[in-house]
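**Q** The following block contains the structure, expressed as structure tokens.
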Amino acid sequence: MATHPTIGVEEEFLLVDPTSGEPVALNEAVAREAAGRGVKLQLELTTCQVETTSEVVGSTRELRDQLLRLRRLSAEAADAAGARLLAVGLPPTLPREFPITDTPRYREIGEKFGMIAHEQGICGCHVHVAVPSREAAIRVSNRLRPWLPTLLALSANSAIYRNSDTGYASWRSVLWARWPSAGPPPHFDSVDEYDAVVSMLQQAGAMRDDGMVYWDVRPSKNFPTIEVRVADVPATVAETVLLAALTRAAVMTALQDERRGEPTPPLAAHALKAAYWKSARDGLDGDAVDLLESHQRVPARELLDRLVEHVRPALEAVGDYDVVFDELRRVTEQGNGAIRQRRAWQRRRDVRDVLAEAAEATMAGT
């Protein structure tokens with residue numbers, strides 16, 4: 001593990017009315033305001049969302065500084081445009097509609113995919129990690145599959161939706177799974193097989209283009225990187241950095257296992273689907289499915305500890321172990337986004353408490 005892969009992060013944010021908390025169609029106005037502050041925001045499928053993109057960095061300290069700056073300036077831009085920026089997987093309030101962003105591509109997606117697209121006020125987080133090649137990315141993807149439910153549980157941040165407790169820590173992941181090209185990636189034996197499946201899905205109309213490869217791990221078509229996109233957007237920058245550190249370490253560990261000739265753990269699709277559902281349901285505050293040993297239910301935090309031990313050599317190699325250890329201790333004590341959302345909701349069953357909690361977490365540290 002002599003080389004330290006670079007990382008980059010994309011975070012999607014919801015734009016809401018500062019008073020009511022309802023999603024507002026202001027992404028273009030917020031993007032204009034952000035451009036004046038030196039931040040380029042990406043417009044997402046719906047007009048109530050924007051996305052930030054960090055620079056490619058070598059350390060989690062650099063990443064933290066980047067993400068804090070991006071959240072601060074994006075929040076200022078949202079405020080100037082009459083909105084509030086929230087790091088939540090879904091709007092806690094009852095959204096009336098999610099208007100489609102007016103571009104030819106997004107209009108076509110809206111027409112072709114109907115209500116799936118029109119109920120898409122979903123905010124995730126995507127971690128990009130450098131790998132040697134697309135072939136390596138496919139092999140890494142196969143090895144990451146058993147750990148994806150754990151990363152989902154860690155990042156869960158969409159417990160409250162439509163003025164209700166959904167009963168799930170990550171309701172976002174349940175809604176996201178409706179897309180025909182979303183969810184856990186299949187196991188692929190080669191890049192050729194991956195490309196053939198993507199081509200088949202496009203020919204079937206299940207994707208408009210290869211930009212709609214929505215699997216939770218995917219190789220980049222143009223760069224030697226792998227993108228892990230299983231997560232809700234984390235509530236705080238510290239939680240995003242934790243997610244990115246663990247993701248990079250998991251990629252490094254997968255590459256090392258590949259070099260050593262370690263076998264890829266067998267994993268049945270139905271077991272992975274069950275583990276996804278359980279992690280979306282319980283998050284960090286309940287049980288998870290042990291995919292690598294017993295296939296039995298175990299405490300989610302036990303699996304998270306196992307992941308940390310599994311990738312510990314990689315974390316130590318890049319100097320991230322203490323960062324991860326300290327942040328995991330904080331998350332254990334204070335809860336992640338979903339736990340804090342639910343705690344706020346249970347005080348009075350008042351969505352304003354959830355919005356206030358989310359607003360504070362979004363800007364924590366900035």
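Ligands are numbered from 1 in the order shown, residues from 1 within each chain, and chains are lettered A, B, ... in the order they appear in the structure tokens.
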As a PyMOL selection string, please: every residue in segment 114-341 of chain A that DSSP puts in alpha helix (DSSP H).
**A** chain A and resi 115-118+134-144+148-155+171-176+191-204+237-260+269-282+300-317+321-334+337-341
**Q** Can you pull out every residue within 7 Å of Ala249 of chain A, counting only C-alpha atoms, but drop anything in the same chain fewer than 3 positions away, and send it as a ChimeraX atom specification?
**A** /A:245-246,252-253,311,314-315
**Q** Next, write the just-selected residues to a file, as a PDB file, in the first residue's frame, keeping N, CA and C atoms as the atom set.
**A**
```pdb
ATOM      1  N   ALA A 245     -13.202   8.532   4.094  1.00  0.00           N
ATOM      2  CA  ALA A 245     -12.017   7.840   4.598  1.00  0.00           C
ATOM      3  C   ALA A 245     -12.221   6.331   4.575  1.00  0.00           C
ATOM      4  N   LEU A 246     -13.381   5.871   5.023  1.00  0.00           N
ATOM      5  CA  LEU A 246     -13.657   4.444   5.016  1.00  0.00           C
ATOM      6  C   LEU A 246     -13.770   3.903   3.593  1.00  0.00           C
ATOM      7  N   MET A 252      -8.659   0.648  -1.229  1.00  0.00           N
ATOM      8  CA  MET A 252      -7.258   0.251  -1.103  1.00  0.00           C
ATOM      9  C   MET A 252      -7.132  -1.206  -0.660  1.00  0.00           C
ATOM     10  N   THR A 253      -7.962  -1.607   0.276  1.00  0.00           N
ATOM     11  CA  THR A 253      -7.916  -2.976   0.776  1.00  0.00           C
ATOM     12  C   THR A 253      -8.324  -3.958  -0.316  1.00  0.00           C
ATOM     13  N   VAL A 311     -10.213  -2.709   7.157  1.00  0.00           N
ATOM     14  CA  VAL A 311      -9.476  -1.719   6.351  1.00  0.00           C
ATOM     15  C   VAL A 311      -8.430  -0.973   7.170  1.00  0.00           C
ATOM     16  N   ALA A 314      -4.997  -0.004   5.684  1.00  0.00           N
ATOM     17  CA  ALA A 314      -5.094   1.092   4.714  1.00  0.00           C
ATOM     18  C   ALA A 314      -5.303   2.430   5.411  1.00  0.00           C
ATOM     19  N   LEU A 315      -6.157   2.455   6.428  1.00  0.00           N
ATOM     20  CA  LEU A 315      -6.371   3.691   7.178  1.00  0.00           C
ATOM     21  C   LEU A 315      -5.069   4.180   7.798  1.00  0.00           C
TER      22      LEU A 315
END
```
**Q** Could you list, with a cut-off of 9 Å and counting only C-alpha atoms, the residues of segment 118-148 of chain A near segment 34-53 of chain A, each shown with its nearest atom pair and the distance in Å rounded to one decimal, rows sorted by chain and ascending number, as a tab-separated table?
**A**
```
residue	atom	partner	partner_atom	distance
A:His118	CA	A:Thr46	CA	7.7
A:Glu119	CA	A:Thr46	CA	8.7
A:Gln120	CA	A:Thr46	CA	6.7
A:Gly121	CA	A:Thr46	CA	6.4
A:Ile122	CA	A:Gln49	CA	8.2
A:Cys123	CA	A:Gln49	CA	7.7
```
**Q** Write out, as a CSV table (one decimal), in the first residue's frame, the residues just selected, with N, CA and C atoms.
**A**
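Contents of part-v7.csv, as written:
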```
chain,number,residue,atom,x,y,z
A,118,HIS,N,-40.3,12.3,-11.3
A,118,HIS,CA,-41.0,13.4,-10.7
A,118,HIS,C,-41.1,13.3,-9.2
A,119,GLU,N,-40.7,12.2,-8.6
A,119,GLU,CA,-40.6,12.2,-7.1
A,119,GLU,C,-39.1,12.0,-6.7
A,120,GLN,N,-38.2,12.8,-7.3
A,120,GLN,CA,-36.8,12.6,-7.2
A,120,GLN,C,-36.1,13.6,-6.4
A,121,GLY,N,-36.7,14.1,-5.3
A,121,GLY,CA,-36.0,15.1,-4.5
A,121,GLY,C,-35.1,14.4,-3.5
A,122,ILE,N,-34.1,13.7,-4.1
A,122,ILE,CA,-33.3,12.7,-3.3
A,122,ILE,C,-31.9,13.2,-3.3
A,123,CYS,N,-31.2,13.3,-2.1
A,123,CYS,CA,-29.9,13.8,-2.1
A,123,CYS,C,-28.9,12.7,-1.5
```
**Q** List as a ChimeraX atom specification the protein and nucleic acid residues near Ser20 of chain A, meaning an atom at most 9 Å away when only C-alpha atoms are counted, but skip any in the same chain fewer than 4 places from it.
**A** /A:16,93,352
**Q** Determine, for each residue of segment 233-292 of chain A having at least one atom at most 10 Å from an atom of segment 322-335 of chain A, the closest pair of atoms and their separation in Å to one decimal, counting only C-alpha atoms; order by chain and ascending number, as a tab-separated table.
**A**
```
residue	atom	partner	partner_atom	distance
A:Ala238	CA	A:Glu327	CA	7.1
A:Glu239	CA	A:Glu327	CA	7.4
A:Val241	CA	A:Val324	CA	8.6
A:Leu242	CA	A:Val324	CA	5.8
A:Leu243	CA	A:Val324	CA	8.8
A:Ala244	CA	A:Val324	CA	9.9
A:Ala245	CA	A:Val324	CA	7.1
A:Leu246	CA	A:Val324	CA	7.6
A:Leu284	CA	A:Gly335	CA	8.1
A:Asp285	CA	A:Gly335	CA	8.4
```
**Q** The selected residues should be written to file as a PDB file, in the first residue's frame (atoms: N, CA and C atoms).
**A**
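Wrote it out as selection_25.pdb, contents follow:
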```pdb
ATOM      1  N   ALA A 238     -18.171  16.374   8.958  1.00  0.00           N
ATOM      2  CA  ALA A 238     -17.370  15.355   9.641  1.00  0.00           C
ATOM      3  C   ALA A 238     -17.816  13.952   9.260  1.00  0.00           C
ATOM      4  N   GLU A 239     -19.126  13.743   9.119  1.00  0.00           N
ATOM      5  CA  GLU A 239     -19.631  12.430   8.729  1.00  0.00           C
ATOM      6  C   GLU A 239     -19.299  12.117   7.269  1.00  0.00           C
ATOM      7  N   VAL A 241     -16.588  13.187   5.713  1.00  0.00           N
ATOM      8  CA  VAL A 241     -15.164  12.847   5.735  1.00  0.00           C
ATOM      9  C   VAL A 241     -14.969  11.426   6.247  1.00  0.00           C
ATOM     10  N   LEU A 242     -15.715  11.044   7.267  1.00  0.00           N
ATOM     11  CA  LEU A 242     -15.652   9.669   7.773  1.00  0.00           C
ATOM     12  C   LEU A 242     -16.023   8.680   6.673  1.00  0.00           C
ATOM     13  N   LEU A 243     -17.116   8.951   5.988  1.00  0.00           N
ATOM     14  CA  LEU A 243     -17.542   8.085   4.885  1.00  0.00           C
ATOM     15  C   LEU A 243     -16.456   7.991   3.813  1.00  0.00           C
ATOM     16  N   ALA A 244     -15.877   9.122   3.447  1.00  0.00           N
ATOM     17  CA  ALA A 244     -14.853   9.133   2.400  1.00  0.00           C
ATOM     18  C   ALA A 244     -13.605   8.374   2.836  1.00  0.00           C
ATOM     19  N   ALA A 245     -13.202   8.532   4.094  1.00  0.00           N
ATOM     20  CA  ALA A 245     -12.017   7.840   4.598  1.00  0.00           C
ATOM     21  C   ALA A 245     -12.221   6.331   4.575  1.00  0.00           C
ATOM     22  N   LEU A 246     -13.381   5.871   5.023  1.00  0.00           N
ATOM     23  CA  LEU A 246     -13.657   4.444   5.016  1.00  0.00           C
ATOM     24  C   LEU A 246     -13.770   3.903   3.593  1.00  0.00           C
ATOM     25  N   LEU A 284     -27.856   2.665  11.816  1.00  0.00           N
ATOM     26  CA  LEU A 284     -26.864   2.317  12.841  1.00  0.00           C
ATOM     27  C   LEU A 284     -27.513   1.926  14.160  1.00  0.00           C
ATOM     28  N   ASP A 285     -28.815   2.126  14.266  1.00  0.00           N
ATOM     29  CA  ASP A 285     -29.496   2.003  15.555  1.00  0.00           C
ATOM     30  C   ASP A 285     -30.209   0.668  15.717  1.00  0.00           C
TER      31      ASP A 285
END
```
**Q** Have a look at A:Ile100, A:Ala254, A:Ile116, A:Leu272 and name the one nearest to Ile138 of chain A; count only C-alpha atoms.
**A**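 The closest residue to Ile138 of chain A is A:Ala254.
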**Q** Which is closer to Ala177 of chain A than all the others in A:Asp216, A:Asp17, A:Asp189, A:Asp195, using only C-alpha atoms?
**A** A:Asp216
**Q** Applying 10 Å and only C-alpha atoms, which residues near His4 of chain A remain after dropping the ones on its own chain fewer than 3 positions away? List them as a count of residues only.
**A** 12
